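What follows is my_file-v6.cif (mmCIF, C-alpha atoms and all ligand atoms).
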```cif
data_input
#
loop_
_atom_site.group_PDB
_atom_site.id
_atom_site.type_symbol
_atom_site.label_atom_id
_atom_site.label_comp_id
_atom_site.auth_asym_id
_atom_site.auth_seq_id
_atom_site.Cartn_x
_atom_site.Cartn_y
_atom_site.Cartn_z
ATOM 1 C CA MET A 1 66.383 172.632 210.278
ATOM 2 C CA LEU A 2 65.878 174.827 207.176
ATOM 3 C CA GLU A 3 69.663 175.371 207.019
ATOM 4 C CA ALA A 4 70.077 171.750 205.927
ATOM 5 C CA ILE A 5 68.309 172.497 202.646
ATOM 6 C CA ALA A 6 69.308 176.165 202.262
ATOM 7 C CA PRO A 7 69.297 177.950 199.930
ATOM 8 C CA LEU A 8 65.730 176.824 199.395
ATOM 9 C CA HIS A 9 64.666 179.305 196.727
ATOM 10 C CA PRO A 10 66.830 178.077 193.771
ATOM 11 C CA ARG A 11 65.128 174.661 194.069
ATOM 12 C CA PHE A 12 61.757 176.275 193.285
ATOM 13 C CA VAL A 13 62.447 178.977 190.704
ATOM 14 C CA HIS A 14 62.683 176.853 187.526
ATOM 15 C CA PHE A 15 59.094 175.607 187.725
ATOM 16 C CA PRO A 16 57.378 179.024 187.586
ATOM 17 C CA ILE A 17 59.735 180.255 184.874
ATOM 18 C CA ALA A 18 59.101 177.263 182.590
ATOM 19 C CA LEU A 19 55.389 176.854 183.365
ATOM 20 C CA SER A 20 54.513 180.558 183.074
ATOM 21 C CA LEU A 21 56.326 180.900 179.734
ATOM 22 C CA ALA A 22 54.697 177.696 178.401
ATOM 23 C CA GLY A 23 51.328 179.020 179.623
ATOM 24 C CA VAL A 24 51.788 182.325 177.789
ATOM 25 C CA LEU A 25 52.845 180.525 174.608
ATOM 26 C CA PHE A 26 49.789 178.249 174.587
ATOM 27 C CA LEU A 27 47.415 181.092 175.506
ATOM 28 C CA ALA A 28 48.812 183.229 172.669
ATOM 29 C CA LEU A 29 48.344 180.293 170.290
ATOM 30 C CA GLY A 30 44.793 179.886 171.617
ATOM 31 C CA LEU A 31 44.124 183.593 170.980
ATOM 32 C CA PHE A 32 45.252 183.559 167.365
ATOM 33 C CA ARG A 33 44.526 180.013 166.281
ATOM 34 C CA ARG A 34 41.212 179.955 168.161
ATOM 35 C CA ARG A 35 41.798 176.396 169.344
ATOM 36 C CA GLU A 36 40.234 175.644 172.711
ATOM 37 C CA ARG A 37 42.759 172.863 173.258
ATOM 38 C CA PHE A 38 45.643 175.397 173.275
ATOM 39 C CA THR A 39 43.716 177.730 175.577
ATOM 40 C CA GLY A 40 43.117 174.844 177.996
ATOM 41 C CA TYR A 41 46.803 173.851 178.018
ATOM 42 C CA GLY A 42 47.733 177.502 178.528
ATOM 43 C CA GLN A 43 45.370 178.012 181.450
ATOM 44 C CA TRP A 44 46.533 174.858 183.249
ATOM 45 C CA SER A 45 50.163 175.685 182.654
ATOM 46 C CA LEU A 46 49.696 179.271 183.859
ATOM 47 C CA LEU A 47 47.810 178.039 186.943
ATOM 48 C CA LEU A 48 50.703 175.704 187.833
ATOM 49 C CA GLY A 49 53.094 178.567 187.043
ATOM 50 C CA TRP A 50 51.154 180.825 189.422
ATOM 51 C CA LEU A 51 51.387 178.224 192.202
ATOM 52 C CA GLY A 52 55.113 177.872 191.442
ATOM 53 C CA THR A 53 55.542 181.660 191.577
ATOM 54 C CA LEU A 54 53.829 181.688 194.977
ATOM 55 C CA ALA A 55 56.244 178.989 196.217
ATOM 56 C CA ALA A 56 59.190 180.985 194.750
ATOM 57 C CA VAL A 57 58.008 184.161 196.511
ATOM 58 C CA VAL A 58 57.678 182.375 199.877
ATOM 59 C CA THR A 59 61.070 180.600 199.615
ATOM 60 C CA GLY A 60 62.691 183.807 198.287
ATOM 61 C CA LEU A 61 61.458 185.762 201.300
ATOM 62 C CA ILE A 62 62.893 183.040 203.573
ATOM 63 C CA ASP A 63 66.302 183.100 201.795
ATOM 64 C CA GLN A 64 66.621 186.879 201.608
ATOM 65 C CA ALA A 65 66.791 187.008 205.411
ATOM 66 C CA SER A 66 70.301 185.533 205.176
ATOM 67 C CA ALA A 67 71.458 187.712 202.249
ATOM 68 C CA PRO A 68 74.288 190.191 202.961
ATOM 69 C CA GLN A 69 73.036 193.577 204.173
ATOM 70 C CA GLU A 70 74.873 195.549 201.480
ATOM 71 C CA ALA A 71 73.148 198.488 199.798
ATOM 72 C CA THR A 72 73.678 197.155 196.232
ATOM 73 C CA VAL A 73 72.399 193.676 197.126
ATOM 74 C CA THR A 74 69.406 195.106 198.998
ATOM 75 C CA ALA A 75 68.553 197.342 196.015
ATOM 76 C CA ILE A 76 68.568 194.344 193.629
ATOM 77 C CA ILE A 77 66.524 192.226 196.058
ATOM 78 C CA ASP A 78 63.972 195.059 196.309
ATOM 79 C CA ARG A 79 63.603 195.145 192.501
ATOM 80 C CA HIS A 80 63.485 191.323 192.430
ATOM 81 C CA ILE A 81 60.674 191.356 195.021
ATOM 82 C CA THR A 82 58.732 194.057 193.121
ATOM 83 C CA ALA A 83 58.982 192.076 189.854
ATOM 84 C CA GLY A 84 58.036 188.825 191.675
ATOM 85 C CA ILE A 85 54.921 190.259 193.336
ATOM 86 C CA THR A 86 53.915 192.029 190.086
ATOM 87 C CA LEU A 87 54.315 188.703 188.253
ATOM 88 C CA LEU A 88 52.055 187.009 190.796
ATOM 89 C CA ILE A 89 49.381 189.702 190.277
ATOM 90 C CA ALA A 90 49.727 189.740 186.448
ATOM 91 C CA SER A 91 49.481 185.915 186.183
ATOM 92 C CA GLY A 92 46.515 185.929 188.575
ATOM 93 C CA LEU A 93 44.801 188.508 186.350
ATOM 94 C CA ALA A 94 45.572 186.444 183.221
ATOM 95 C CA LEU A 95 43.872 183.459 184.903
ATOM 96 C CA TYR A 96 40.887 185.452 186.153
ATOM 97 C CA TRP A 97 40.145 187.566 183.067
ATOM 98 C CA PRO A 98 38.951 184.697 180.772
ATOM 99 C CA LEU A 99 36.727 183.383 183.592
ATOM 100 C CA ARG A 100 35.121 186.798 183.947
ATOM 101 C CA ASN A 101 34.818 187.518 180.205
ATOM 102 C CA LYS A 102 33.896 184.384 178.246
ATOM 103 C CA LYS A 103 33.984 186.334 174.956
ATOM 104 C CA LEU A 104 37.545 187.512 175.531
ATOM 105 C CA TRP A 105 38.938 185.448 172.643
ATOM 106 C CA THR A 106 36.583 186.941 170.050
ATOM 107 C CA THR A 107 36.357 190.625 171.056
ATOM 108 C CA SER A 108 38.914 193.445 170.874
ATOM 109 C CA ALA A 109 39.611 192.829 174.587
ATOM 110 C CA ARG A 110 41.948 190.103 173.401
ATOM 111 C CA TRP A 111 44.532 192.767 172.476
ATOM 112 C CA GLY A 112 44.545 193.904 176.091
ATOM 113 C CA TYR A 113 44.931 190.280 177.089
ATOM 114 C CA LEU A 114 47.844 189.873 174.662
ATOM 115 C CA ALA A 115 49.532 192.936 176.222
ATOM 116 C CA LEU A 116 49.117 191.276 179.630
ATOM 117 C CA LEU A 117 50.771 188.088 178.305
ATOM 118 C CA VAL A 118 53.689 190.140 176.942
ATOM 119 C CA ALA A 119 54.033 191.835 180.363
ATOM 120 C CA ILE A 120 54.211 188.372 181.991
ATOM 121 C CA VAL A 121 57.058 187.340 179.674
ATOM 122 C CA VAL A 122 58.958 190.579 180.452
ATOM 123 C CA LEU A 123 58.438 190.073 184.206
ATOM 124 C CA VAL A 124 59.622 186.430 184.093
ATOM 125 C CA LEU A 125 62.758 187.435 182.162
ATOM 126 C CA ALA A 126 63.459 190.373 184.504
ATOM 127 C CA GLU A 127 62.951 188.114 187.531
ATOM 128 C CA GLY A 128 65.378 185.477 186.243
ATOM 129 C CA TRP A 129 67.931 188.120 185.255
ATOM 130 C CA LEU A 130 67.838 189.870 188.657
ATOM 131 C CA GLY A 131 67.997 186.502 190.469
ATOM 132 C CA GLY A 132 70.985 185.445 188.381
ATOM 133 C CA LYS A 133 72.666 188.786 189.148
ATOM 134 C CA LEU A 134 72.209 188.180 192.884
ATOM 135 C CA VAL A 135 73.796 184.731 192.728
ATOM 136 C CA TYR A 136 76.494 185.067 190.045
ATOM 137 C CA GLU A 137 77.562 188.690 190.596
ATOM 138 C CA TYR A 138 77.119 189.084 194.343
ATOM 139 C CA GLY A 139 77.349 185.457 195.510
ATOM 140 C CA VAL A 140 74.036 185.624 197.424
ATOM 141 C CA GLY A 141 73.166 182.157 198.705
ATOM 142 C CA VAL A 142 76.494 180.659 197.654
ATOM 143 C CA ARG A 143 79.138 182.508 199.696
HETATM 144 C C1 LIG A 201 59.292 188.031 195.616
HETATM 145 C C2 LIG A 201 60.047 187.412 196.479
HETATM 146 C C3 LIG A 201 61.434 186.895 196.137
HETATM 147 C C4 LIG A 201 62.544 187.067 196.905
HETATM 148 C C5 LIG A 201 62.632 187.783 198.263
HETATM 149 C C6 LIG A 201 63.656 186.427 196.206
HETATM 150 C C7 LIG A 201 64.961 186.370 196.672
HETATM 151 C C8 LIG A 201 66.022 185.777 196.017
HETATM 152 C C9 LIG A 201 67.347 185.598 196.580
HETATM 153 C C10 LIG A 201 67.782 186.050 197.979
HETATM 154 C C11 LIG A 201 68.108 184.974 195.635
HETATM 155 C C12 LIG A 201 69.588 184.554 195.759
HETATM 156 C C13 LIG A 201 69.690 183.029 195.991
HETATM 157 C C14 LIG A 201 69.199 182.625 197.355
HETATM 158 O O1 LIG A 201 69.724 183.093 198.381
HETATM 159 O O2 LIG A 201 68.243 181.839 197.384
HETATM 160 C C15 LIG A 201 67.275 184.754 194.467
HETATM 161 C C16 LIG A 201 67.665 184.149 193.301
HETATM 162 C C17 LIG A 201 66.842 183.853 192.252
HETATM 163 N N1 LIG A 201 65.489 184.101 192.159
HETATM 164 FE FE1 LIG A 201 64.352 184.993 193.566
HETATM 165 N N2 LIG A 201 63.186 185.889 195.033
HETATM 166 C C18 LIG A 201 61.827 186.142 194.941
HETATM 167 C C19 LIG A 201 60.979 185.735 193.919
HETATM 168 C C20 LIG A 201 61.368 185.050 192.787
HETATM 169 C C21 LIG A 201 60.485 184.567 191.760
HETATM 170 C C22 LIG A 201 58.958 184.729 191.788
HETATM 171 C C23 LIG A 201 61.276 183.978 190.799
HETATM 172 C C24 LIG A 201 60.879 183.315 189.509
HETATM 173 C C25 LIG A 201 59.713 183.381 188.936
HETATM 174 C C26 LIG A 201 62.647 184.091 191.222
HETATM 175 C C27 LIG A 201 63.737 183.667 190.488
HETATM 176 C C28 LIG A 201 65.042 183.651 190.954
HETATM 177 C C29 LIG A 201 66.156 183.087 190.193
HETATM 178 C C30 LIG A 201 66.094 182.473 188.792
HETATM 179 C C31 LIG A 201 67.270 183.204 191.010
HETATM 180 C C32 LIG A 201 68.692 182.735 190.671
HETATM 181 C C33 LIG A 201 68.817 181.304 191.190
HETATM 182 C C34 LIG A 201 70.090 180.604 190.760
HETATM 183 O O3 LIG A 201 70.679 180.978 189.744
HETATM 184 O O4 LIG A 201 70.479 179.638 191.453
HETATM 185 N N3 LIG A 201 62.664 184.738 192.439
HETATM 186 N N4 LIG A 201 66.006 185.255 194.735
#
```
What do you get writing this file as structure tokens?
Amino acid sequence: MLEAIAPLHPRFVHFPIALSLAGVLFLALGLFRRRERFTGYGQWSLLLGWLGTLAAVVTGLIDQASAPQEATVTAIIDRHITAGITLLIASGLALYWPLRNKKLWTTSARWGYLALLVAIVVLVLAEGWLGGKLVYEYGVGVR
């Protein structure tokens, strides 16, 4: 039955990319502008991005079962999985940290938090780039 809607994964990947990046942008604005409204938007957006990343991970794992068993493709999928799982952990930490430390926005810990936000952006970009490589260079999911 899943074949009817395969590949499943590309239908889910745009949400986490857009929502996570929007979340980081608003959280960074919240950090420097000290506006709670921005922080709130950022946390909601990142939460939805985290849920979207989870859906992308699950659908990606389903789709990779039908990817060609070539060494180059497998190596890229492995890196794509590592970046995807790391993104899930990093976004989870970015959601949890402000709940644990209510003074995060006003102490020097915010620089650590900013570094975490930068890491999330890098991971999202790497994830999209590796995914695009799989599809447009190796035809995974389309050939
Ligand atoms: C961690 C588990 C993941 C696996 C096993 C996986 C696997 C795959 C596979 C096999 C493809 C090729 C297309 C297909 O057959 O569906 C692909 C493409 C792609 N993946 Fe993932 N993926 C994972 C996570 C993610 C996450 C978390 C994101 C985004 C946040 C993402 C973004 C993309 C993008 C942008 C493409 C290219 C889609 C297109 O251009 O149509 N992947 N992935």
With all atoms listed in the file counted, collect every polymer residue having an atom within 7 Å of ligand LIG 201 (chain A); state the result as number ranges by chain.
-> A: 7-10, 13-14, 16-17, 53-54, 56-58, 60-61, 63-64, 67, 77, 80-82, 84-85, 124, 127-129, 131-132, 134-135, 140-141
Mind telling me what the PyMOL selection byres (((chain A and resi 39) around 10) and not hetatm) catches here, as a PyMOL selection string?
-> chain A and resi 23-31+33-38+40-45+98+105
Selected residues written out with C-alpha atoms, as a tab-separated table (two decimals), in the coordinates of the input:
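Writing done, so here's again.tsv:
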```tsv
chain	number	residue	atom	x	y	z
A	23	GLY	CA	51.33	179.02	179.62
A	24	VAL	CA	51.79	182.32	177.79
A	25	LEU	CA	52.84	180.52	174.61
A	26	PHE	CA	49.79	178.25	174.59
A	27	LEU	CA	47.42	181.09	175.51
A	28	ALA	CA	48.81	183.23	172.67
A	29	LEU	CA	48.34	180.29	170.29
A	30	GLY	CA	44.79	179.89	171.62
A	31	LEU	CA	44.12	183.59	170.98
A	33	ARG	CA	44.53	180.01	166.28
A	34	ARG	CA	41.21	179.96	168.16
A	35	ARG	CA	41.80	176.40	169.34
A	36	GLU	CA	40.23	175.64	172.71
A	37	ARG	CA	42.76	172.86	173.26
A	38	PHE	CA	45.64	175.40	173.28
A	40	GLY	CA	43.12	174.84	178.00
A	41	TYR	CA	46.80	173.85	178.02
A	42	GLY	CA	47.73	177.50	178.53
A	43	GLN	CA	45.37	178.01	181.45
A	44	TRP	CA	46.53	174.86	183.25
A	45	SER	CA	50.16	175.68	182.65
A	98	PRO	CA	38.95	184.70	180.77
A	105	TRP	CA	38.94	185.45	172.64
```
Atom CA of Leu116 of chain A to atom CA of Leu46 of chain A: how many Å, to one decimal?
-> 12.7 Å
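You can rank A:Leu114, A:Ala71, A:Ile62, A:Leu123 by their closest distance to Ser20 of chain A using all atoms listed in the file, and at the top of that list sits A:Leu123.
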Enclose segment 17-34 of chain A, meaning all of its atoms listed in the file, in a box aligned along x, y and z, pad it by 3 Å on each side, and list the centre and edge lengths in Å to one decimal, as lines of an AutoDock Vina configuration file.
```
center_x = 50.5
center_y = 180.2
center_z = 175.6
size_x = 24.5
size_y = 12.7
size_z = 24.6
```
Which of these residues is nearest to Tyr136 of chain A, using only C-alpha atoms: A:Arg79, A:Thr59, A:Val73, A:Arg110?
-> A:Val73
Have a look at atom CA of Lys102 of chain A and atom CA of Leu48 of chain A and let me know their distance in Å, one decimal.
->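 If I compute the distance from atom CA of Lys102 of chain A to atom CA of Leu48 of chain A, I get 21.2 Å.
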Point out the residue among A:Ala55, A:Leu130, A:Ala22, A:Glu137 with the least atom-to-atom distance to Ile76 of chain A, counting all atoms listed in the file.
->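 Smallest distance to Ile76 of chain A is found for A:Leu130.
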Protein/DNA/RNA residues near (48.0, 187.5, 192.9), cut 12 Å, all atoms listed in the file, as a list in words =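 Checking each residue against the 12 Å limit leaves Leu47, Gly49, Trp50, Leu51, Thr53, Leu54, Val57, Gly84, Ile85, Thr86, Leu87, Leu88, Ile89, Ala90, Ser91, Gly92, Leu93, Ala94, Leu95 and Tyr96 of chain A.
With only C-alpha atoms as the atoms that count, the minimum distance from Ser66 of chain A to the choices A:Ala6, A:Ala109, A:Leu117, A:Ala126 is reached by A:Ala6.
Computed from the coordinates, the atom CA of Phe32 of chain A to atom CA of Phe15 of chain A distance equals 25.9 Å.
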